[in-house]
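Q: The structure file target_1.cif (mmCIF, C-alpha atoms) is provided below.
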```cif
data_final
loop_
_atom_site.group_PDB
_atom_site.id
_atom_site.type_symbol
_atom_site.label_atom_id
_atom_site.label_comp_id
_atom_site.auth_asym_id
_atom_site.auth_seq_id
_atom_site.Cartn_x
_atom_site.Cartn_y
_atom_site.Cartn_z
ATOM 1 C CA MET L 1 0.000 0.000 0.000
ATOM 2 C CA ASN L 2 1.512 3.352 -1.092
ATOM 3 C CA TRP L 3 1.121 6.678 0.669
ATOM 4 C CA ARG L 4 -1.689 7.858 -1.641
ATOM 5 C CA THR L 5 -3.776 4.788 -0.824
ATOM 6 C CA GLY L 6 -3.065 5.292 2.870
ATOM 7 C CA LEU L 7 -4.234 8.898 2.719
ATOM 8 C CA LEU L 8 -7.398 7.878 0.891
ATOM 9 C CA LEU L 9 -8.173 5.217 3.488
ATOM 10 C CA LEU L 10 -7.471 7.665 6.312
ATOM 11 C CA ALA L 11 -9.730 10.272 4.699
ATOM 12 C CA ALA L 12 -12.464 7.682 4.238
ATOM 13 C CA GLY L 13 -12.180 6.700 7.889
ATOM 14 C CA LEU L 14 -12.330 10.310 9.040
ATOM 15 C CA THR L 15 -15.326 10.943 6.804
ATOM 16 C CA ALA L 16 -17.133 7.912 8.218
ATOM 17 C CA ALA L 17 -16.362 9.016 11.765
ATOM 18 C CA ALA L 18 -17.554 12.537 11.012
ATOM 19 C CA ALA L 19 -20.794 11.160 9.570
ATOM 20 C CA HIS L 20 -21.556 9.504 12.910
ATOM 21 C CA ALA L 21 -20.348 12.331 15.140
ATOM 22 C CA ILE L 22 -23.086 13.994 17.202
ATOM 23 C CA PRO L 23 -23.621 17.548 15.872
ATOM 24 C CA PRO L 24 -22.287 20.211 18.253
ATOM 25 C CA GLU L 25 -25.648 21.991 18.374
ATOM 26 C CA ALA L 26 -27.279 19.010 20.116
ATOM 27 C CA THR L 27 -28.297 19.637 23.736
ATOM 28 C CA TYR L 28 -29.263 17.468 26.693
ATOM 29 C CA VAL L 29 -32.984 16.836 27.194
ATOM 30 C CA GLY L 30 -33.005 14.587 30.284
ATOM 31 C CA GLU L 31 -33.988 10.999 31.003
ATOM 32 C CA LYS L 32 -37.732 11.698 31.098
ATOM 33 C CA ALA L 33 -37.702 12.699 27.455
ATOM 34 C CA CYS L 34 -35.995 9.407 26.560
ATOM 35 C CA ILE L 35 -38.468 7.280 28.527
ATOM 36 C CA LYS L 36 -41.415 8.739 26.621
ATOM 37 C CA CYS L 37 -40.452 6.553 23.666
ATOM 38 C CA HIS L 38 -38.067 4.008 25.170
ATOM 39 C CA ASP L 39 -40.132 2.799 28.129
ATOM 40 C CA VAL L 40 -39.300 -0.902 27.546
ATOM 41 C CA GLU L 41 -35.563 -0.198 27.473
ATOM 42 C CA ALA L 42 -35.925 1.890 30.627
ATOM 43 C CA LYS L 43 -37.550 -1.013 32.501
ATOM 44 C CA HIS L 44 -34.710 -3.383 31.591
ATOM 45 C CA PHE L 45 -32.109 -0.736 32.372
ATOM 46 C CA SER L 46 -33.593 -0.172 35.858
ATOM 47 C CA HIS L 47 -32.271 -3.570 37.010
ATOM 48 C CA THR L 48 -28.640 -2.739 36.238
ATOM 49 C CA GLN L 49 -25.892 -1.317 38.420
ATOM 50 C CA HIS L 50 -25.450 1.611 36.041
ATOM 51 C CA ALA L 51 -29.065 2.680 36.581
ATOM 52 C CA ARG L 52 -28.748 2.588 40.369
ATOM 53 C CA ILE L 53 -25.535 4.628 40.342
ATOM 54 C CA PHE L 54 -26.601 7.155 37.713
ATOM 55 C CA ARG L 55 -30.016 7.767 39.277
ATOM 56 C CA GLN L 56 -29.282 7.507 42.993
ATOM 57 C CA ASN L 57 -25.646 8.455 43.504
ATOM 58 C CA PRO L 58 -23.979 9.956 40.412
ATOM 59 C CA ARG L 59 -20.328 10.834 40.909
ATOM 60 C CA ASN L 60 -20.394 13.767 38.515
ATOM 61 C CA GLU L 61 -22.639 15.770 36.226
ATOM 62 C CA LEU L 62 -22.144 13.379 33.322
ATOM 63 C CA GLU L 63 -23.392 10.337 35.248
ATOM 64 C CA GLY L 64 -26.398 12.370 36.393
ATOM 65 C CA ARG L 65 -27.564 12.593 32.787
ATOM 66 C CA VAL L 66 -28.320 8.830 32.868
ATOM 67 C CA CYS L 67 -29.183 7.818 29.246
ATOM 68 C CA GLU L 68 -27.317 10.740 27.718
ATOM 69 C CA ALA L 69 -24.208 9.970 29.773
ATOM 70 C CA CYS L 70 -23.448 7.211 27.262
ATOM 71 C CA HIS L 71 -25.546 8.040 24.202
ATOM 72 C CA GLY L 72 -24.764 11.762 24.108
ATOM 73 C CA PRO L 73 -27.098 14.787 23.997
ATOM 74 C CA GLY L 74 -30.426 13.726 22.535
ATOM 75 C CA SER L 75 -32.231 16.896 21.498
ATOM 76 C CA LEU L 76 -31.811 16.357 17.754
ATOM 77 C CA HIS L 77 -32.667 12.675 18.075
ATOM 78 C CA ALA L 78 -35.846 13.545 19.990
ATOM 79 C CA GLN L 79 -36.852 16.082 17.322
ATOM 80 C CA ARG L 80 -36.078 13.855 14.330
ATOM 81 C CA GLY L 81 -36.353 10.367 15.799
ATOM 82 C CA ASN L 82 -39.001 9.317 13.287
ATOM 83 C CA GLU L 83 -36.487 9.870 10.496
ATOM 84 C CA LYS L 84 -34.274 7.131 12.011
ATOM 85 C CA VAL L 85 -31.210 9.354 11.549
ATOM 86 C CA ARG L 86 -28.618 7.511 13.613
ATOM 87 C CA GLU L 87 -25.861 10.088 13.593
ATOM 88 C CA TYR L 88 -27.765 12.165 16.143
ATOM 89 C CA LEU L 89 -26.933 9.665 18.938
ATOM 90 C CA ARG L 90 -24.044 7.403 19.914
ATOM 91 C CA GLY L 91 -25.081 3.785 19.407
ATOM 92 C CA PHE L 92 -23.535 0.650 20.877
ATOM 93 C CA THR L 93 -24.432 -1.992 18.313
ATOM 94 C CA ARG L 94 -22.663 -3.059 15.132
ATOM 95 C CA GLU L 95 -25.715 -2.084 13.100
ATOM 96 C CA TRP L 96 -25.844 1.459 14.448
ATOM 97 C CA GLY L 97 -22.575 2.425 12.808
ATOM 98 C CA THR L 98 -20.840 4.398 15.552
ATOM 99 C CA PRO L 99 -17.057 3.874 15.246
ATOM 100 C CA ILE L 100 -15.636 1.330 17.690
ATOM 101 C CA GLU L 101 -13.173 3.897 19.039
ATOM 102 C CA GLU L 102 -16.005 6.265 19.921
ATOM 103 C CA GLN L 103 -18.042 3.512 21.578
ATOM 104 C CA ASN L 104 -15.131 2.317 23.698
ATOM 105 C CA GLY L 105 -14.117 5.885 24.469
ATOM 106 C CA ALA L 106 -17.495 6.470 26.092
ATOM 107 C CA CYS L 107 -16.985 3.421 28.319
ATOM 108 C CA LEU L 108 -13.362 4.212 29.144
ATOM 109 C CA ALA L 109 -14.349 7.712 30.232
ATOM 110 C CA CYS L 110 -15.495 6.071 33.482
ATOM 111 C CA HIS L 111 -13.923 2.607 33.396
ATOM 112 C CA LYS L 112 -10.282 3.599 33.218
ATOM 113 C CA GLY L 113 -7.359 2.320 35.207
ATOM 114 C CA GLY L 114 -7.121 -1.073 36.832
ATOM 115 C CA GLU L 115 -7.175 -3.900 34.307
ATOM 116 C CA ARG L 116 -7.976 -1.447 31.502
ATOM 117 C CA LEU L 117 -4.428 -0.047 31.679
ATOM 118 C CA HIS L 118 -3.355 -2.641 29.113
ATOM 119 C CA TRP L 119 -6.403 -2.263 26.855
ATOM 120 C CA PRO L 120 -4.751 0.036 24.251
ATOM 121 C CA GLY L 121 -2.929 -2.189 21.793
ATOM 122 C CA SER L 122 -4.237 -5.427 23.301
ATOM 123 C CA ALA L 123 -5.453 -8.297 21.133
ATOM 124 C CA HIS L 124 -9.094 -7.328 21.604
ATOM 125 C CA ASP L 125 -8.430 -3.646 20.990
ATOM 126 C CA SER L 126 -6.412 -4.403 17.853
ATOM 127 C CA GLY L 127 -9.188 -6.716 16.686
ATOM 128 C CA LYS L 128 -11.696 -3.855 16.866
ATOM 129 C CA ILE L 129 -13.705 -5.469 19.644
ATOM 130 C CA ALA L 130 -16.196 -3.094 21.240
ATOM 131 C CA CYS L 131 -17.037 -3.180 24.936
ATOM 132 C CA SER L 132 -20.643 -3.816 23.892
ATOM 133 C CA ASP L 133 -19.591 -6.998 22.067
ATOM 134 C CA CYS L 134 -19.081 -8.607 25.488
ATOM 135 C CA HIS L 135 -21.141 -6.403 27.808
ATOM 136 C CA ASN L 136 -24.757 -5.261 27.729
ATOM 137 C CA THR L 137 -25.307 -2.257 29.978
ATOM 138 C CA MET L 138 -29.008 -2.014 29.171
ATOM 139 C CA ALA L 139 -30.127 -5.283 30.777
ATOM 140 C CA ARG L 140 -29.000 -7.752 33.399
ATOM 141 C CA PHE L 141 -28.332 -11.060 31.693
ATOM 142 C CA SER L 142 -25.538 -12.222 34.032
ATOM 143 C CA ALA L 143 -25.003 -12.348 37.789
ATOM 144 C CA SER L 144 -22.148 -9.844 37.535
ATOM 145 C CA GLY L 145 -20.271 -7.822 34.959
ATOM 146 C CA LEU L 146 -23.337 -6.956 32.835
ATOM 147 C CA LEU L 147 -22.248 -9.550 30.293
ATOM 148 C CA ARG L 148 -24.104 -10.326 27.080
ATOM 149 C CA ALA L 149 -24.454 -13.982 28.134
ATOM 150 C CA ALA L 150 -25.249 -15.689 31.413
ATOM 151 C CA SER L 151 -21.598 -16.364 32.315
ATOM 152 C CA ILE L 152 -18.046 -15.342 31.508
ATOM 153 C CA ASN L 153 -17.358 -18.633 29.736
ATOM 154 C CA GLU L 154 -20.406 -18.379 27.489
ATOM 155 C CA THR L 155 -19.474 -14.817 26.594
ATOM 156 C CA CYS L 156 -15.901 -15.767 25.627
ATOM 157 C CA GLN L 157 -16.936 -18.890 23.751
ATOM 158 C CA SER L 158 -19.356 -16.942 21.576
ATOM 159 C CA CYS L 159 -16.237 -15.922 19.603
ATOM 160 C CA HIS L 160 -13.630 -18.511 20.612
ATOM 161 C CA ASN L 161 -15.224 -21.578 19.028
ATOM 162 C CA GLN L 162 -11.994 -23.578 18.886
ATOM 163 C CA GLN L 163 -11.604 -23.351 22.655
ATOM 164 C CA ARG L 164 -15.276 -24.262 23.093
ATOM 165 C CA ALA L 165 -14.609 -27.484 21.156
ATOM 166 C CA GLU L 166 -11.440 -28.246 23.141
ATOM 167 C CA PHE L 167 -13.322 -27.982 26.428
ATOM 168 C CA ARG L 168 -15.603 -30.784 25.187
ATOM 169 C CA LYS L 169 -12.727 -33.226 24.766
ATOM 170 C CA ARG L 170 -12.193 -36.219 27.043
ATOM 171 C CA SER L 171 -9.588 -34.511 29.217
ATOM 172 C CA HIS L 172 -10.193 -30.808 29.782
ATOM 173 C CA MET L 173 -9.927 -27.975 32.229
ATOM 174 C CA PRO L 174 -13.050 -27.860 34.481
ATOM 175 C CA VAL L 175 -14.535 -24.896 32.624
ATOM 176 C CA PRO L 176 -17.754 -26.598 31.404
ATOM 177 C CA GLU L 177 -18.402 -27.767 34.970
ATOM 178 C CA GLY L 178 -18.188 -24.175 36.202
ATOM 179 C CA LYS L 179 -15.255 -24.826 38.556
ATOM 180 C CA MET L 180 -13.158 -22.179 36.794
ATOM 181 C CA SER L 181 -13.632 -19.526 34.138
ATOM 182 C CA CYS L 182 -11.629 -18.089 31.263
ATOM 183 C CA VAL L 183 -10.597 -15.066 33.346
ATOM 184 C CA ASP L 184 -8.825 -17.296 35.865
ATOM 185 C CA CYS L 185 -6.031 -17.549 33.294
ATOM 186 C CA HIS L 186 -6.717 -14.678 30.870
ATOM 187 C CA SER L 187 -7.325 -10.956 31.280
ATOM 188 C CA PRO L 188 -9.812 -9.955 28.552
ATOM 189 C CA HIS L 189 -9.171 -6.228 29.020
ATOM 190 C CA GLY L 190 -5.482 -6.487 28.213
ATOM 191 C CA SER L 191 -2.207 -7.901 29.429
ATOM 192 C CA PRO L 192 1.507 -7.478 28.673
ATOM 193 C CA THR L 193 1.492 -11.014 27.223
ATOM 194 C CA ARG L 194 0.235 -11.942 23.769
ATOM 195 C CA PRO L 195 -2.476 -14.435 24.804
ATOM 196 C CA LEU L 196 -3.744 -12.003 27.474
ATOM 197 C CA LEU L 197 -2.380 -14.105 30.333
ATOM 198 C CA ARG L 198 -2.720 -13.024 33.952
ATOM 199 C CA ALA L 199 0.991 -13.654 34.549
ATOM 200 C CA ASP L 200 4.267 -13.111 32.754
ATOM 201 C CA SER L 201 4.385 -16.603 31.236
ATOM 202 C CA VAL L 202 2.356 -19.749 30.676
ATOM 203 C CA ASN L 203 4.200 -21.530 33.471
ATOM 204 C CA ASP L 204 3.461 -18.788 35.992
ATOM 205 C CA VAL L 205 -0.250 -19.075 35.170
ATOM 206 C CA CYS L 206 -0.142 -22.849 35.648
ATOM 207 C CA TYR L 207 1.805 -22.575 38.904
ATOM 208 C CA ALA L 208 -1.021 -20.523 40.413
ATOM 209 C CA CYS L 209 -2.906 -23.818 40.813
ATOM 210 C CA HIS L 210 -0.175 -26.439 40.298
ATOM 211 C CA ALA L 211 2.301 -25.094 42.854
ATOM 212 C CA GLU L 212 3.907 -28.534 43.364
ATOM 213 C CA LYS L 213 5.243 -28.355 39.799
ATOM 214 C CA ARG L 214 7.031 -25.037 40.371
ATOM 215 C CA GLY L 215 10.203 -26.346 41.959
ATOM 216 C CA PRO L 216 13.035 -25.557 42.249
ATOM 217 C CA PHE L 217 14.122 -29.150 41.750
ATOM 218 C CA LEU L 218 17.481 -30.779 42.218
ATOM 219 C CA TRP L 219 16.895 -32.588 38.924
ATOM 220 C CA GLU L 220 14.918 -30.526 36.433
ATOM 221 C CA HIS L 221 13.211 -31.766 33.290
ATOM 222 C CA ALA L 222 14.106 -29.210 30.613
ATOM 223 C CA PRO L 223 10.771 -29.173 28.674
ATOM 224 C CA VAL L 224 8.871 -28.708 31.934
ATOM 225 C CA ARG L 225 11.039 -25.774 32.964
ATOM 226 C CA GLU L 226 10.718 -24.190 29.523
ATOM 227 C CA ASN L 227 6.963 -24.353 28.909
ATOM 228 C CA CYS L 228 4.098 -26.456 30.244
ATOM 229 C CA LEU L 229 2.599 -26.401 26.744
ATOM 230 C CA SER L 230 5.509 -28.500 25.500
ATOM 231 C CA CYS L 231 3.547 -31.507 26.731
ATOM 232 C CA HIS L 232 0.064 -30.239 27.649
ATOM 233 C CA ASN L 233 -2.792 -28.590 25.816
ATOM 234 C CA SER L 234 -4.035 -25.769 28.003
ATOM 235 C CA HIS L 235 -7.753 -26.153 27.204
ATOM 236 C CA GLY L 236 -8.460 -29.775 26.463
ATOM 237 C CA SER L 237 -7.193 -32.964 24.847
ATOM 238 C CA ASN L 238 -8.421 -36.431 23.961
ATOM 239 C CA HIS L 239 -5.337 -37.830 25.710
ATOM 240 C CA ASP L 240 -4.831 -38.333 29.441
ATOM 241 C CA LYS L 241 -3.805 -35.333 31.601
ATOM 242 C CA LEU L 242 -4.383 -32.838 28.749
ATOM 243 C CA LEU L 243 -1.320 -34.244 26.978
ATOM 244 C CA ILE L 244 -0.719 -33.210 23.381
ATOM 245 C CA GLY L 245 -0.070 -36.852 22.432
ATOM 246 C CA PRO L 246 -0.358 -40.345 23.941
ATOM 247 C CA ARG L 247 2.404 -41.860 26.020
ATOM 248 C CA PRO L 248 4.956 -43.269 25.142
ATOM 249 C CA TYR L 249 4.893 -41.505 21.770
ATOM 250 C CA LEU L 250 4.882 -38.080 23.414
ATOM 251 C CA CYS L 251 8.112 -38.943 25.246
ATOM 252 C CA GLN L 252 9.636 -40.370 22.102
ATOM 253 C CA GLN L 253 9.327 -37.041 20.338
ATOM 254 C CA CYS L 254 12.485 -36.101 22.268
ATOM 255 C CA HIS L 255 13.867 -39.439 23.452
ATOM 256 C CA THR L 256 14.509 -41.056 20.077
ATOM 257 C CA SER L 257 17.898 -42.727 20.452
ATOM 258 C CA PRO L 258 17.592 -46.263 18.973
ATOM 259 C CA ALA L 259 20.283 -47.524 21.359
ATOM 260 C CA ALA L 260 18.349 -46.530 24.465
ATOM 261 C CA HIS L 261 15.483 -48.568 25.849
ATOM 262 C CA ALA L 262 13.049 -45.794 24.886
ATOM 263 C CA GLY L 263 13.596 -46.783 21.281
ATOM 264 C CA GLN L 264 13.894 -50.564 21.890
ATOM 265 C CA SER L 265 11.051 -51.192 24.307
ATOM 266 C CA PHE L 266 8.329 -49.446 22.380
ATOM 267 C CA ARG L 267 8.705 -51.036 18.972
ATOM 268 C CA ALA L 268 5.612 -51.857 16.965
ATOM 269 C CA ASP L 269 6.073 -55.606 17.588
ATOM 270 C CA GLN L 270 5.686 -55.055 21.358
ATOM 271 C CA THR L 271 2.364 -53.237 21.364
ATOM 272 C CA ALA L 272 -0.980 -54.577 22.573
ATOM 273 C CA GLN L 273 -2.088 -54.942 18.965
ATOM 274 C CA SER L 274 0.926 -57.119 18.256
ATOM 275 C CA ALA L 275 0.140 -59.281 21.314
ATOM 276 C CA LEU L 276 -3.289 -60.094 19.845
ATOM 277 C CA ALA L 277 -1.514 -61.464 16.793
ATOM 278 C CA GLY L 278 0.697 -63.753 18.877
ATOM 279 C CA GLY L 279 3.542 -61.366 19.654
ATOM 280 C CA THR L 280 4.941 -60.391 23.046
ATOM 281 C CA GLN L 281 3.727 -57.191 24.602
ATOM 282 C CA SER L 282 6.271 -55.150 26.543
ATOM 283 C CA PRO L 283 5.320 -54.530 30.183
ATOM 284 C CA ARG L 284 6.687 -51.020 29.720
ATOM 285 C CA ILE L 285 3.982 -50.080 27.243
ATOM 286 C CA VAL L 286 0.959 -50.630 29.510
ATOM 287 C CA GLY L 287 -0.524 -48.242 32.044
ATOM 288 C CA ARG L 288 1.396 -44.979 32.167
ATOM 289 C CA THR L 289 4.196 -46.425 29.994
ATOM 290 C CA CYS L 290 7.319 -44.279 30.552
ATOM 291 C CA GLN L 291 5.896 -42.956 33.812
ATOM 292 C CA ASN L 292 5.579 -46.452 35.214
ATOM 293 C CA CYS L 293 9.251 -45.990 36.059
ATOM 294 C CA HIS L 294 9.933 -42.284 35.538
ATOM 295 C CA SER L 295 7.126 -41.188 37.833
ATOM 296 C CA GLN L 296 8.565 -37.792 38.798
ATOM 297 C CA VAL L 297 8.567 -36.503 35.243
ATOM 298 C CA HIS L 298 8.123 -32.863 36.294
ATOM 299 C CA GLY L 299 11.287 -32.904 38.402
ATOM 300 C CA SER L 300 12.852 -34.622 41.374
ATOM 301 C CA ASN L 301 14.551 -33.600 44.602
ATOM 302 C CA HIS L 302 15.751 -37.113 45.444
ATOM 303 C CA PRO L 303 19.553 -37.523 45.427
ATOM 304 C CA SER L 304 19.110 -40.526 43.133
ATOM 305 C CA GLY L 305 16.417 -38.938 40.978
ATOM 306 C CA ALA L 306 18.533 -37.972 38.004
ATOM 307 C CA ARG L 307 16.269 -40.039 35.754
ATOM 308 C CA PHE L 308 13.077 -38.915 37.526
ATOM 309 C CA GLN L 309 12.447 -42.403 38.923
ATOM 310 C CA ARG L 310 11.962 -41.231 42.512
#
```
Can you give me the file's structure in the form of structure tokens?

A:
Amino acid sequence: MNWRTGLLLLAAGLTAAAAHAIPPEATYVGEKACIKCHDVEAKHFSHTQHARIFRQNPRNELEGRVCEACHGPGSLHAQRGNEKVREYLRGFTREWGTPIEEQNGACLACHKGGERLHWPGSAHDSGKIACSDCHNTMARFSASGLLRAASINETCQSCHNQQRAEFRKRSHMPVPEGKMSCVDCHSPHGSPTRPLLRADSVNDVCYACHAEKRGPFLWEHAPVRENCLSCHNSHGSNHDKLLIGPRPYLCQQCHTSPAAHAGQSFRADQTAQSALAGGTQSPRIVGRTCQNCHSQVHGSNHPSGARFQR
């Protein structure tokens, strides 16, 4: 893309934003004027935390304007509402056409700081995700957070279909059972890490629950120290313990020396399938296979645990 194309795209974006900007001559008319037409929306809104704060204990003049605190001054909309001219108000739906930056700016005017410090430039911000894509401030559909769905997990999985499928696999994190939620590991409003983790690394997130795997160990297993995802799938797997592959084949991805017993003991002629055909099955390939002997695969503090056998 050359500079002329960039300028044309920038001008088109500015023109689109200007088309949806509320005219400066618009004035505030008050909540009662809004309720005259939007009585159904007002009833749903009354059950939300925003309604209680804006109506009963506003922190400033803007919050005291209730509807117009978010949607902007509504005088022109009230006068020409029958024309369905949307640029006279700030809307919070994809169909309305208000730029995402303007929508989120209205929310961030109050909800700034805290976890929102990392929102600018985050994966969701870069993906042009609006606050209203996850939250619905006009009705109470969830127990907390004014989410668009009944729970955090349902809200996240409305976009993250791959993770929804992984949570349905045989071995999975207890998200479908409601024992944990997506935000236990991820920060949807932004994080210094690429996958929006709540810690500096994958391992630090895992250690929050699996503290016994943290170490330090006298004998460390290098893949474990490097990244838990070297062996595990973080959301779900059809293999035991969320493993990315079945044992012993997962171990053999690294331990491939044909001279060692890892290569000799797990030949095709020693499998259970071979035993059905009259062959001899290796005792090392049943149960937990490699971990039948190397039980402390995450690390060992035993003086004789160099091979993670104790």

Q: Write out as a PDB file with C-alpha atoms, in the frame of the given file which residues come within 12 Å of L:Arg288 when counting only C-alpha atoms, dropping same-chain ones fewer than 4 positions away.

A:
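Result written to selection.pdb:
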```pdb
ATOM      1  CA  HIS L 239      -5.337 -37.830  25.710  1.00  0.00           C
ATOM      2  CA  ASP L 240      -4.831 -38.333  29.441  1.00  0.00           C
ATOM      3  CA  LYS L 241      -3.805 -35.333  31.601  1.00  0.00           C
ATOM      4  CA  PRO L 246      -0.358 -40.345  23.941  1.00  0.00           C
ATOM      5  CA  ARG L 247       2.404 -41.860  26.020  1.00  0.00           C
ATOM      6  CA  PRO L 248       4.956 -43.269  25.142  1.00  0.00           C
ATOM      7  CA  TYR L 249       4.893 -41.505  21.770  1.00  0.00           C
ATOM      8  CA  LEU L 250       4.882 -38.080  23.414  1.00  0.00           C
ATOM      9  CA  CYS L 251       8.112 -38.943  25.246  1.00  0.00           C
ATOM     10  CA  PRO L 283       5.320 -54.530  30.183  1.00  0.00           C
ATOM     11  CA  ARG L 284       6.687 -51.020  29.720  1.00  0.00           C
ATOM     12  CA  ASN L 292       5.579 -46.452  35.214  1.00  0.00           C
ATOM     13  CA  CYS L 293       9.251 -45.990  36.059  1.00  0.00           C
ATOM     14  CA  HIS L 294       9.933 -42.284  35.538  1.00  0.00           C
ATOM     15  CA  SER L 295       7.126 -41.188  37.833  1.00  0.00           C
ATOM     16  CA  VAL L 297       8.567 -36.503  35.243  1.00  0.00           C
TER      17      VAL L 297
END
```

Q: What does the distance between atom CA of L:Cys70 and atom CA of L:Ser126 come to in Å, to one decimal place?

A: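 If I compute the distance from atom CA of L:Cys70 to atom CA of L:Ser126, I get 22.7 Å.
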
Q: Report, in Å to a single decimal, how far apart atom CA of L:Asn60 and atom CA of L:Lys32 are.

A: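 Going from atom CA of L:Lys32 over to atom CA of L:Asn60 covers 19.0 Å.
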
Q: Kindly list the centre and edge lengths in Å, rounded to one decimal, for the axis-aligned box that covers all listed atoms of stretch 40-46 of chain L plus 3 Å on each of its six sides, as JSON.

A:
```
{"center_x": -35.7, "center_y": -0.7, "center_z": 31.7, "size_x": 13.2, "size_y": 11.3, "size_z": 14.4}
```

Q: Using all atoms listed in the file, which protein or nucleic acid residues come within 9 Å of stretch 208-224 of chain L? Drop anything in the same chain fewer than 5 positions from it, and give the result as a PyMOL selection string.

A: chain L and resi 203+229-231+297-303+305-308

Q: Now that the selection is made, can you save its residues with C-alpha atoms as a PDB file, in the frame of the given file?

A:
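Saved as result28.pdb:
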```pdb
ATOM      1  CA  ASN L 203       4.200 -21.530  33.471  1.00  0.00           C
ATOM      2  CA  LEU L 229       2.599 -26.401  26.744  1.00  0.00           C
ATOM      3  CA  SER L 230       5.509 -28.500  25.500  1.00  0.00           C
ATOM      4  CA  CYS L 231       3.547 -31.507  26.731  1.00  0.00           C
ATOM      5  CA  VAL L 297       8.567 -36.503  35.243  1.00  0.00           C
ATOM      6  CA  HIS L 298       8.123 -32.863  36.294  1.00  0.00           C
ATOM      7  CA  GLY L 299      11.287 -32.904  38.402  1.00  0.00           C
ATOM      8  CA  SER L 300      12.852 -34.622  41.374  1.00  0.00           C
ATOM      9  CA  ASN L 301      14.551 -33.600  44.602  1.00  0.00           C
ATOM     10  CA  HIS L 302      15.751 -37.113  45.444  1.00  0.00           C
ATOM     11  CA  PRO L 303      19.553 -37.523  45.427  1.00  0.00           C
ATOM     12  CA  GLY L 305      16.417 -38.938  40.978  1.00  0.00           C
ATOM     13  CA  ALA L 306      18.533 -37.972  38.004  1.00  0.00           C
ATOM     14  CA  ARG L 307      16.269 -40.039  35.754  1.00  0.00           C
ATOM     15  CA  PHE L 308      13.077 -38.915  37.526  1.00  0.00           C
TER      16      PHE L 308
END
```

Q: For the provided coordinates, the residues matched by the PyMOL selection byres ((chain L and resi 199-201) around 12) should be stated as an MDAnalysis selection string.

A: chainID L and resid 183:187 190:198 202:208 225:229

Q: Go ahead and save the residues from that selection, with C-alpha atoms, as a PDB file, keeping the file's coordinate frame.

A:
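again_5.pdb written:
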```
ATOM      1  CA  VAL L 183     -10.597 -15.066  33.346  1.00  0.00           C
ATOM      2  CA  ASP L 184      -8.825 -17.296  35.865  1.00  0.00           C
ATOM      3  CA  CYS L 185      -6.031 -17.549  33.294  1.00  0.00           C
ATOM      4  CA  HIS L 186      -6.717 -14.678  30.870  1.00  0.00           C
ATOM      5  CA  SER L 187      -7.325 -10.956  31.280  1.00  0.00           C
ATOM      6  CA  GLY L 190      -5.482  -6.487  28.213  1.00  0.00           C
ATOM      7  CA  SER L 191      -2.207  -7.901  29.429  1.00  0.00           C
ATOM      8  CA  PRO L 192       1.507  -7.478  28.673  1.00  0.00           C
ATOM      9  CA  THR L 193       1.492 -11.014  27.223  1.00  0.00           C
ATOM     10  CA  ARG L 194       0.235 -11.942  23.769  1.00  0.00           C
ATOM     11  CA  PRO L 195      -2.476 -14.435  24.804  1.00  0.00           C
ATOM     12  CA  LEU L 196      -3.744 -12.003  27.474  1.00  0.00           C
ATOM     13  CA  LEU L 197      -2.380 -14.105  30.333  1.00  0.00           C
ATOM     14  CA  ARG L 198      -2.720 -13.024  33.952  1.00  0.00           C
ATOM     15  CA  VAL L 202       2.356 -19.749  30.676  1.00  0.00           C
ATOM     16  CA  ASN L 203       4.200 -21.530  33.471  1.00  0.00           C
ATOM     17  CA  ASP L 204       3.461 -18.788  35.992  1.00  0.00           C
ATOM     18  CA  VAL L 205      -0.250 -19.075  35.170  1.00  0.00           C
ATOM     19  CA  CYS L 206      -0.142 -22.849  35.648  1.00  0.00           C
ATOM     20  CA  TYR L 207       1.805 -22.575  38.904  1.00  0.00           C
ATOM     21  CA  ALA L 208      -1.021 -20.523  40.413  1.00  0.00           C
ATOM     22  CA  ARG L 225      11.039 -25.774  32.964  1.00  0.00           C
ATOM     23  CA  GLU L 226      10.718 -24.190  29.523  1.00  0.00           C
ATOM     24  CA  ASN L 227       6.963 -24.353  28.909  1.00  0.00           C
ATOM     25  CA  CYS L 228       4.098 -26.456  30.244  1.00  0.00           C
ATOM     26  CA  LEU L 229       2.599 -26.401  26.744  1.00  0.00           C
TER      27      LEU L 229
END
```

Q: Could you tell me how far atom CA of L:Gln157 lies from atom CA of L:Gly121, in Å and to one decimal?

A: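 Between these atoms lies a distance of 21.9 Å.
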
Q: Which is closer to L:Arg55 than all the others in L:Gly145, L:Glu31, L:Pro188, L:Asp39, using all atoms listed in the file?

A: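 The closest residue to L:Arg55 is L:Glu31.
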
Q: Quick one: which stretch 125-201 of chain L residues come within 7 Å of stretch 97-113 of chain L, and what is the nearest atom pair for each with the distance in Å to one decimal, counting all atoms listed in the file, rows ordered by chain and ascending number, as a Markdown table?

A:
```
| residue | atom | partner | partner_atom | distance |
| --- | --- | --- | --- | --- |
| L:Lys128 | CA | L:Ile100 | CA | 6.6 |
| L:Ala130 | CA | L:Ile100 | CA | 5.7 |
| L:Cys131 | CA | L:Asn104 | CA | 5.9 |
```

Q: Put those residues in a file: C-alpha atoms, as a PDB file, keeping the file's coordinate frame.

A:
```
ATOM      1  CA  LYS L 128     -11.696  -3.855  16.866  1.00  0.00           C
ATOM      2  CA  ALA L 130     -16.196  -3.094  21.240  1.00  0.00           C
ATOM      3  CA  CYS L 131     -17.037  -3.180  24.936  1.00  0.00           C
TER       4      CYS L 131
END
```

Q: Name the closest residue to L:Leu147 among the candidates L:Thr289, L:Thr48, L:Gly279, L:Ser237; distances are taken between atoms, counting only C-alpha atoms.

A: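 For L:Leu147, the nearest of the given residues is L:Thr48.
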
Q: I'd like to see the residues matched by the PyMOL selection byres ((chain L and resi 235) around 7) on this file, and ideally I'd get them as a VMD selection string.

A: chain L and resid 163 166 to 167 172 to 173 233 to 234 236
